[in-house]
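coords.tsv (TSV, C-alpha atoms and all ligand atoms) appears below.
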```
chain	number	residue	atom	x	y	z
H	1	MET	CA	114.14	18.75	175.89
H	2	ARG	CA	117.16	20.31	177.52
H	3	LEU	CA	118.14	22.15	174.35
H	4	LEU	CA	115.05	24.38	174.51
H	5	GLU	CA	115.93	25.40	178.08
H	6	SER	CA	119.47	26.18	176.92
H	7	LEU	CA	118.17	28.27	174.01
H	8	LYS	CA	115.96	30.23	176.38
H	9	TRP	CA	118.92	30.76	178.70
H	10	ARG	CA	121.23	32.14	176.02
H	11	TYR	CA	121.15	35.72	174.77
H	12	ALA	CA	123.39	37.90	172.67
H	13	THR	CA	125.71	38.92	175.48
H	14	LYS	CA	126.51	42.62	175.56
H	15	LYS	CA	128.80	42.61	178.60
H	16	PHE	CA	131.20	39.80	179.41
H	17	ASP	CA	133.00	39.25	182.70
H	18	PRO	CA	136.64	39.77	181.66
H	19	SER	CA	137.92	37.76	184.64
H	20	GLN	CA	136.37	34.48	183.48
H	21	ARG	CA	138.00	32.18	180.95
H	22	VAL	CA	136.58	29.28	178.99
H	23	ASN	CA	138.61	26.22	179.99
H	24	GLU	CA	140.45	24.02	177.50
H	25	ASP	CA	138.06	21.11	177.94
H	26	ASP	CA	135.02	23.24	177.04
H	27	LEU	CA	136.93	24.91	174.23
H	28	LYS	CA	137.59	21.48	172.77
H	29	LYS	CA	133.85	20.70	172.89
H	30	LEU	CA	133.00	23.99	171.17
H	31	LYS	CA	135.53	23.25	168.44
H	32	GLU	CA	134.05	19.81	167.93
H	33	ALA	CA	130.55	21.27	167.62
H	34	VAL	CA	131.81	23.66	164.94
H	35	GLN	CA	133.64	20.81	163.22
H	36	LEU	CA	130.37	18.83	163.09
H	37	SER	CA	128.47	21.63	161.35
H	38	VAL	CA	126.57	20.88	158.20
H	39	SER	CA	127.85	22.47	154.99
H	40	SER	CA	126.94	22.38	151.35
H	41	TYR	CA	128.25	19.12	149.85
H	42	GLY	CA	130.16	18.74	153.16
H	43	LEU	CA	132.98	20.92	151.85
H	44	GLN	CA	133.40	23.19	154.91
H	45	LEU	CA	134.97	25.92	152.82
H	46	TYR	CA	136.00	28.09	155.74
H	47	LYS	CA	138.48	28.50	158.55
H	48	VAL	CA	137.75	29.49	162.10
H	49	LEU	CA	140.27	31.57	164.02
H	50	ILE	CA	140.11	31.50	167.81
H	51	ILE	CA	141.72	34.53	169.38
H	52	SER	CA	142.52	34.97	173.04
H	53	LYS	CA	145.64	37.15	172.88
H	54	ARG	CA	144.81	40.46	174.55
H	55	SER	CA	146.94	42.63	172.24
H	56	LEU	CA	145.30	41.17	169.15
H	57	LYS	CA	141.81	41.52	170.61
H	58	GLU	CA	142.57	45.22	171.33
H	59	LYS	CA	143.42	45.77	167.65
H	60	LEU	CA	140.28	43.94	166.54
H	61	LYS	CA	138.08	45.87	168.96
H	62	ALA	CA	139.04	49.08	167.16
H	63	ALA	CA	137.80	47.41	163.96
H	64	SER	CA	134.54	46.30	165.64
H	65	TRP	CA	132.82	49.61	166.33
H	66	ASP	CA	134.68	49.54	169.64
H	67	GLN	CA	132.29	46.92	171.01
H	68	ALA	CA	133.57	45.84	174.43
H	69	GLN	CA	132.64	42.18	173.90
H	70	ILE	CA	135.74	41.75	171.71
H	71	THR	CA	138.20	42.36	174.52
H	72	ASP	CA	136.10	41.34	177.54
H	73	ALA	CA	135.12	37.90	176.23
H	74	SER	CA	137.41	34.98	176.89
H	75	HIS	CA	137.83	33.95	173.24
H	76	LEU	CA	136.89	35.52	169.94
H	77	PHE	CA	135.82	33.17	167.15
H	78	VAL	CA	136.33	34.64	163.67
H	79	PHE	CA	134.61	32.68	160.90
H	80	CYS	CA	136.35	33.18	157.56
H	81	ASN	CA	135.12	32.13	154.14
H	82	TYR	CA	137.39	31.49	151.16
H	83	THR	CA	137.32	34.27	148.60
H	84	GLU	CA	138.52	32.18	145.65
H	85	ARG	CA	137.26	28.96	144.18
H	86	ASN	CA	139.91	26.33	144.16
H	87	ASP	CA	139.53	22.80	142.81
H	88	SER	CA	142.07	21.57	145.33
H	89	HIS	CA	139.48	21.99	148.11
H	90	VAL	CA	137.21	19.58	146.28
H	91	ASP	CA	140.08	17.17	145.57
H	92	GLU	CA	141.03	17.12	149.26
H	93	TYR	CA	137.42	16.51	150.24
H	94	ILE	CA	137.03	13.65	147.78
H	95	LYS	CA	140.27	12.14	149.05
H	96	ALA	CA	138.99	12.38	152.63
H	97	ILE	CA	135.74	10.61	151.70
H	98	SER	CA	137.75	7.87	150.06
H	99	THR	CA	140.03	7.42	153.06
H	100	LEU	CA	137.36	7.62	155.74
H	101	GLN	CA	134.58	5.72	154.01
H	102	GLY	CA	136.71	3.29	152.03
H	103	THR	CA	135.30	4.23	148.62
H	104	PRO	CA	137.86	3.91	145.80
H	105	LEU	CA	138.88	7.34	144.43
H	106	GLU	CA	137.90	6.42	140.87
H	107	LYS	CA	134.32	5.82	142.02
H	108	LEU	CA	134.18	9.34	143.47
H	109	SER	CA	135.62	11.23	140.51
H	110	VAL	CA	132.21	11.86	138.92
H	111	TYR	CA	130.95	13.34	142.20
H	112	GLY	CA	134.09	15.50	142.49
H	113	ASP	CA	133.66	16.79	138.94
H	114	PHE	CA	130.00	17.50	139.62
H	115	ILE	CA	130.88	19.64	142.66
H	116	LYS	CA	133.64	21.50	140.76
H	117	LYS	CA	131.26	22.21	137.89
H	118	SER	CA	128.54	23.48	140.16
H	119	LEU	CA	130.96	25.80	142.01
H	120	SER	CA	132.55	27.14	138.83
H	121	GLY	CA	129.08	27.72	137.39
H	122	MET	CA	128.30	30.38	139.99
H	123	ASN	CA	128.99	34.01	139.18
H	124	ASP	CA	131.26	35.88	141.60
H	125	THR	CA	128.39	37.38	143.60
H	126	ASP	CA	126.64	34.05	143.99
H	127	TRP	CA	129.92	32.40	144.98
H	128	HIS	CA	130.59	35.09	147.58
H	129	ASP	CA	127.08	34.78	149.05
H	130	TRP	CA	127.20	31.00	149.01
H	131	SER	CA	130.57	30.76	150.70
H	132	GLU	CA	129.56	33.30	153.36
H	133	LYS	CA	126.36	31.39	154.12
H	134	GLN	CA	128.37	28.31	155.00
H	135	THR	CA	130.12	30.12	157.84
H	136	TYR	CA	126.80	31.16	159.37
H	137	LEU	CA	125.83	27.52	159.75
H	138	ALA	CA	129.07	26.83	161.59
H	139	MET	CA	128.53	29.86	163.80
H	140	SER	CA	125.04	28.67	164.62
H	141	ASN	CA	126.45	25.37	165.87
H	142	LEU	CA	128.89	27.30	168.03
H	143	LEU	CA	126.06	29.33	169.60
H	144	THR	CA	124.00	26.22	170.30
H	145	ALA	CA	126.95	24.37	171.81
H	146	CYS	CA	127.77	27.40	173.96
H	147	ALA	CA	124.20	27.44	175.25
H	148	GLU	CA	124.38	23.75	176.16
H	149	LEU	CA	127.59	24.37	178.11
H	150	LYS	CA	126.22	27.54	179.78
H	151	ILE	CA	128.86	29.57	178.02
H	152	ASP	CA	127.83	32.98	176.75
H	153	ALA	CA	128.32	34.25	173.23
H	154	CYS	CA	127.33	37.08	170.93
H	155	PRO	CA	127.02	36.67	167.17
H	156	MET	CA	128.33	39.86	165.55
H	157	GLU	CA	128.31	41.44	162.14
H	158	GLY	CA	129.26	44.76	163.65
H	159	PHE	CA	132.87	44.85	162.51
H	160	GLU	CA	134.88	45.91	159.48
H	161	PRO	CA	135.85	42.81	157.51
H	162	GLU	CA	138.53	44.63	155.45
H	163	LYS	CA	140.31	45.71	158.63
H	164	TYR	CA	140.02	42.22	160.13
H	165	ASN	CA	141.43	40.77	156.92
H	166	GLN	CA	144.36	43.12	157.10
H	167	ILE	CA	145.07	42.74	160.84
H	168	LEU	CA	144.84	38.95	160.71
H	169	GLY	CA	146.65	38.59	157.36
H	170	LEU	CA	143.60	36.90	155.84
H	171	ASP	CA	143.90	38.62	152.43
H	172	LYS	CA	147.14	36.82	151.72
H	173	ARG	CA	145.53	33.48	152.50
H	174	GLY	CA	142.48	33.97	150.28
H	175	LEU	CA	140.23	34.31	153.31
H	176	ASN	CA	137.68	36.87	154.44
H	177	ALA	CA	136.38	37.51	157.97
H	178	CYS	CA	132.66	36.99	157.61
H	179	ILE	CA	131.01	36.67	161.00
H	180	ILE	CA	132.45	36.76	164.51
H	181	ALA	CA	131.40	35.52	167.94
H	182	PRO	CA	133.02	36.48	171.22
H	183	VAL	CA	132.58	33.70	173.75
H	184	GLY	CA	132.90	33.76	177.55
H	185	TYR	CA	130.78	34.44	180.61
H	186	ARG	CA	128.16	37.12	181.14
H	187	SER	CA	128.80	39.95	183.54
H	188	ALA	CA	126.32	40.06	186.44
H	189	ASP	CA	125.50	43.64	185.52
H	190	ASP	CA	124.68	42.99	181.86
H	191	HIS	CA	121.04	44.07	182.02
H	192	THR	CA	120.16	42.58	178.65
H	193	GLN	CA	120.22	39.12	180.24
H	194	PHE	CA	117.02	40.01	182.13
H	195	ARG	CA	115.10	41.20	179.06
H	196	LYS	CA	112.26	39.07	177.78
H	197	LYS	CA	113.03	37.33	174.53
H	198	VAL	CA	111.37	38.95	171.55
H	199	ARG	CA	110.36	36.38	168.96
H	200	LYS	CA	107.57	36.16	166.41
H	201	PRO	CA	104.55	34.19	167.56
H	202	MET	CA	104.41	30.61	166.28
H	203	THR	CA	101.29	31.45	164.27
H	204	GLU	CA	103.12	34.13	162.35
H	205	LEU	CA	106.39	32.26	161.95
H	206	PHE	CA	105.03	28.96	160.73
H	207	GLU	CA	102.59	27.90	158.10
H	208	THR	CA	101.49	24.32	158.06
H	209	PHE	CA	100.00	22.52	155.11
H	301	LIG	C1	124.21	37.75	162.01
H	301	LIG	C2	124.04	38.46	163.32
H	301	LIG	C3	124.74	39.63	163.58
H	301	LIG	C4	124.64	40.27	164.82
H	301	LIG	N1	125.43	41.37	165.10
H	301	LIG	C5	125.45	41.86	166.36
H	301	LIG	C6	126.41	42.87	166.73
H	301	LIG	O1	127.23	43.31	165.94
H	301	LIG	N2	126.40	43.32	168.02
H	301	LIG	C7	125.53	42.82	168.95
H	301	LIG	O2	125.58	43.27	170.11
H	301	LIG	N3	124.61	41.88	168.63
H	301	LIG	C8	124.56	41.37	167.37
H	301	LIG	N4	123.68	40.36	167.03
H	301	LIG	C9	122.75	39.84	168.07
H	301	LIG	C10	121.27	40.04	167.73
H	301	LIG	O3	120.92	41.38	167.89
H	301	LIG	C11	120.45	39.10	168.65
H	301	LIG	O4	120.81	37.78	168.38
H	301	LIG	C12	118.95	39.28	168.43
H	301	LIG	O5	118.54	40.56	168.81
H	301	LIG	C13	118.15	38.25	169.23
H	301	LIG	O6	118.41	38.35	170.61
H	301	LIG	P1	119.02	37.16	171.47
H	301	LIG	O7	120.16	36.57	170.66
H	301	LIG	O8	119.53	37.82	172.72
H	301	LIG	O9	117.95	36.16	171.73
H	301	LIG	C14	123.75	39.74	165.80
H	301	LIG	C15	123.04	38.57	165.51
H	301	LIG	C16	123.20	37.92	164.31
H	301	LIG	C17	122.47	36.61	164.06
```
Please, can you express the file's structure as structure tokens?
Amino acid sequence: MRLLESLKWRYATKKFDPSQRVNEDDLKKLKEAVQLSVSSYGLQLYKVLIISKRSLKEKLKAASWDQAQITDASHLFVFCNYTERNDSHVDEYIKAISTLQGTPLEKLSVYGDFIKKSLSGMNDTDWHDWSEKQTYLAMSNLLTACAELKIDACPMEGFEPEKYNQILGLDKRGLNACIIAPVGYRSADDHTQFRKKVRKPMTELFETF
């Protein structure tokens, strides 16, 4: 299984080679892997910003505990969840199912209402947690796809979401920066790449019945 080899190859990259860029063809594949992520009901209630502009990355680095990956990596993926519930997201989704799968809209209305009811039934904290979780699934697909393409990445929570929201104008759009991942190529002198992976033993991680 090639995927296991890829997962052993990858690591949370601490030092990127700033001279190397991810090409457009690979970028397209990474975007497709993110697009194909699973999500609750299939709603994909998030947006993903891909930032390569140096000046913008400089600003974001200052809001990311000054971690060098932000500016040294080729591209910075910022996964943003929606902060407000909006029935129009569900309506658009139901319309897309109808168009793509050929199901008449009236047959899908019960499903649409069910989703709306279940979302509006959450309290604000649950909604916030739920919508953030969705972005982590998408980020996980990005990391796996990167590994398959021998592209390096680092999942990061070490940043200030409020500052990201302000710098990127996310507040105004009802979005919140939730999790980020710089993507590029490892520097030869990033020593963390040579460290042994630390993972729980199978016997501790799994219980079989
Ligand atoms: C949600 C999340 C947040 C993380 N935040 C950071 C971060 O801010 N900076 C960083 O250098 N690594 C960060 N990491 C990387 C983890 O430390 C790393 O994935 C873990 O130690 C396992 O090592 P490996 O990914 O190299 O196998 C984060 C990982 C995850 C999943």
Using all atoms listed in the file, pick whichever of H:Lys31, H:Lys117, H:Lys172, H:Lys61 has the shortest atom-to-atom distance to ligand LIG 301 (chain H).
H:Lys61
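What separates atom O1 of ligand LIG 301 (chain H) from atom CA of Phe16 of chain H is a distance of 14.5 Å.
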With ligand LIG 301 (chain H) as the partner and 9 Å as the cut-off, tabulate the residues of chain H that qualify, each row holding the nearest pair of atoms and their distance in Å to one decimal, using all atoms listed in the file, sorted by chain and rising number, as CSV.
```
residue,atom,partner,partner_atom,distance
H:Leu7,CA,H:LIG301,O9,8.2
H:Lys8,CA,H:LIG301,O9,7.8
H:Trp9,CA,H:LIG301,O9,8.9
H:Arg10,CA,H:LIG301,O9,6.7
H:Tyr11,CA,H:LIG301,O8,3.4
H:Ala12,CA,H:LIG301,O8,3.9
H:Thr13,CA,H:LIG301,O8,6.9
H:Lys14,CA,H:LIG301,O2,5.6
H:Ser64,CA,H:LIG301,O1,7.9
H:Trp65,CA,H:LIG301,O1,8.4
H:Gln67,CA,H:LIG301,N2,7.5
H:Gln69,CA,H:LIG301,O2,8.1
H:Tyr136,CA,H:LIG301,C1,7.6
H:Ser140,CA,H:LIG301,C17,8.4
H:Ala153,CA,H:LIG301,O7,8.9
H:Cys154,CA,H:LIG301,N3,6.0
H:Pro155,CA,H:LIG301,C14,4.7
H:Met156,CA,H:LIG301,N1,3.3
H:Glu157,CA,H:LIG301,N1,4.1
H:Gly158,CA,H:LIG301,O1,3.4
H:Phe159,CA,H:LIG301,O1,6.8
H:Ile179,CA,H:LIG301,C1,7.0
H:Ile180,CA,H:LIG301,C3,8.3
H:Ala181,CA,H:LIG301,N1,8.8
H:Thr192,CA,H:LIG301,O8,7.6
H:Gln193,CA,H:LIG301,O8,7.7
H:Arg195,CA,H:LIG301,O8,8.4
H:Lys196,CA,H:LIG301,O9,8.8
H:Lys197,CA,H:LIG301,O9,5.8
H:Val198,CA,H:LIG301,O6,7.1
H:Arg199,CA,H:LIG301,C13,8.0
```
Residues within 10 Å of Ala138 of chain H, all atoms listed in the file, excluding chain neighbours under 3 positions, as JSON, numbers by chain:
{"H": [33, 34, 35, 36, 37, 38, 39, 44, 46, 48, 79, 133, 134, 135, 141, 142, 143]}
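Those residues that approach Tyr93 of chain H to within 10 Å, counting all atoms listed in the file, are Tyr41, Gly42, Leu43, Gln44, Asp87, Ser88, His89, Ile97, Ser98, Thr99 and Gly112 of chain H; same-chain residues fewer than 4 positions away are not listed.
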Export of the given selection (C-alpha atoms) as a short mmCIF file (atom, residue, chain, number, x, y, z; two decimals), in the frame of the given file:
```cif
data_model
loop_
_atom_site.label_atom_id
_atom_site.label_comp_id
_atom_site.auth_asym_id
_atom_site.auth_seq_id
_atom_site.Cartn_x
_atom_site.Cartn_y
_atom_site.Cartn_z
CA TYR H 41 128.25 19.12 149.85
CA GLY H 42 130.16 18.74 153.16
CA LEU H 43 132.98 20.92 151.85
CA GLN H 44 133.40 23.19 154.91
CA ASP H 87 139.53 22.80 142.81
CA SER H 88 142.07 21.57 145.33
CA HIS H 89 139.48 21.99 148.11
CA ILE H 97 135.74 10.61 151.70
CA SER H 98 137.75 7.87 150.06
CA THR H 99 140.03 7.42 153.06
CA GLY H 112 134.09 15.50 142.49
#
```
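Of the residues listed (H:Gln166, H:Ser120, H:Thr208, H:Thr144), H:Thr144 shows the shortest atom-to-atom separation from Leu3 of chain H; distances use only C-alpha atoms.
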Quick check, in Å to one decimal: how far apart do atom CA of Asp113 of chain H and atom CA of Leu175 of chain H lie?
23.6 Å
One-decimal distance in Å that lies between atom CA of Glu32 of chain H and atom CA of Ile70 of chain H:
22.3 Å
List the residues sitting within 7 Å of (139.6, 31.7, 151.9) in the file's frame, using all atoms listed in the file, as JSON, numbers by chain.
{"H": [46, 80, 81, 82, 83, 84, 173, 174, 175, 176]}
Edge lengths and centre in Å, axis-aligned, segment 125-135 of chain H plus 5 Å each side, as JSON:
```
{"center_x": 128.5, "center_y": 32.8, "center_z": 150.7, "size_x": 14.2, "size_y": 19.1, "size_z": 24.2}
```
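Across H:Leu4, H:Leu76, H:Cys178, H:Leu30, the tightest approach to Leu60 of chain H is made by H:Leu76 when counting all atoms listed in the file.
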Identify which of the residues H:Leu100, H:Ala177, H:Met122, H:Val183 lies closest to Leu149 of chain H, counting all atoms listed in the file when measuring atom-to-atom distances.
H:Val183
Give me, as a compact mmCIF listing (two decimals) with C-alpha atoms, keeping the file's coordinate frame, all polymer residues having an atom no more than 10 Å from Ser52 of chain H, counting all atoms listed in the file and skipping those fewer than 4 positions away in the same chain.
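Writing done, so here's out.txt:
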```
# COMPACT_ATOMS: atom_id res chain seq x y z
CA ARG H 21 138.00 32.18 180.95
CA LEU H 56 145.30 41.17 169.15
CA LYS H 57 141.81 41.52 170.61
CA ILE H 70 135.74 41.75 171.71
CA THR H 71 138.20 42.36 174.52
CA ALA H 73 135.12 37.90 176.23
CA SER H 74 137.41 34.98 176.89
CA HIS H 75 137.83 33.95 173.24
CA LEU H 76 136.89 35.52 169.94
CA PHE H 77 135.82 33.17 167.15
CA PRO H 182 133.02 36.48 171.22
```
Proximity to Ala68 of chain H - best of H:Pro104, H:Pro161, H:Ile151, H:Lys15, all atoms listed in the file:
H:Lys15
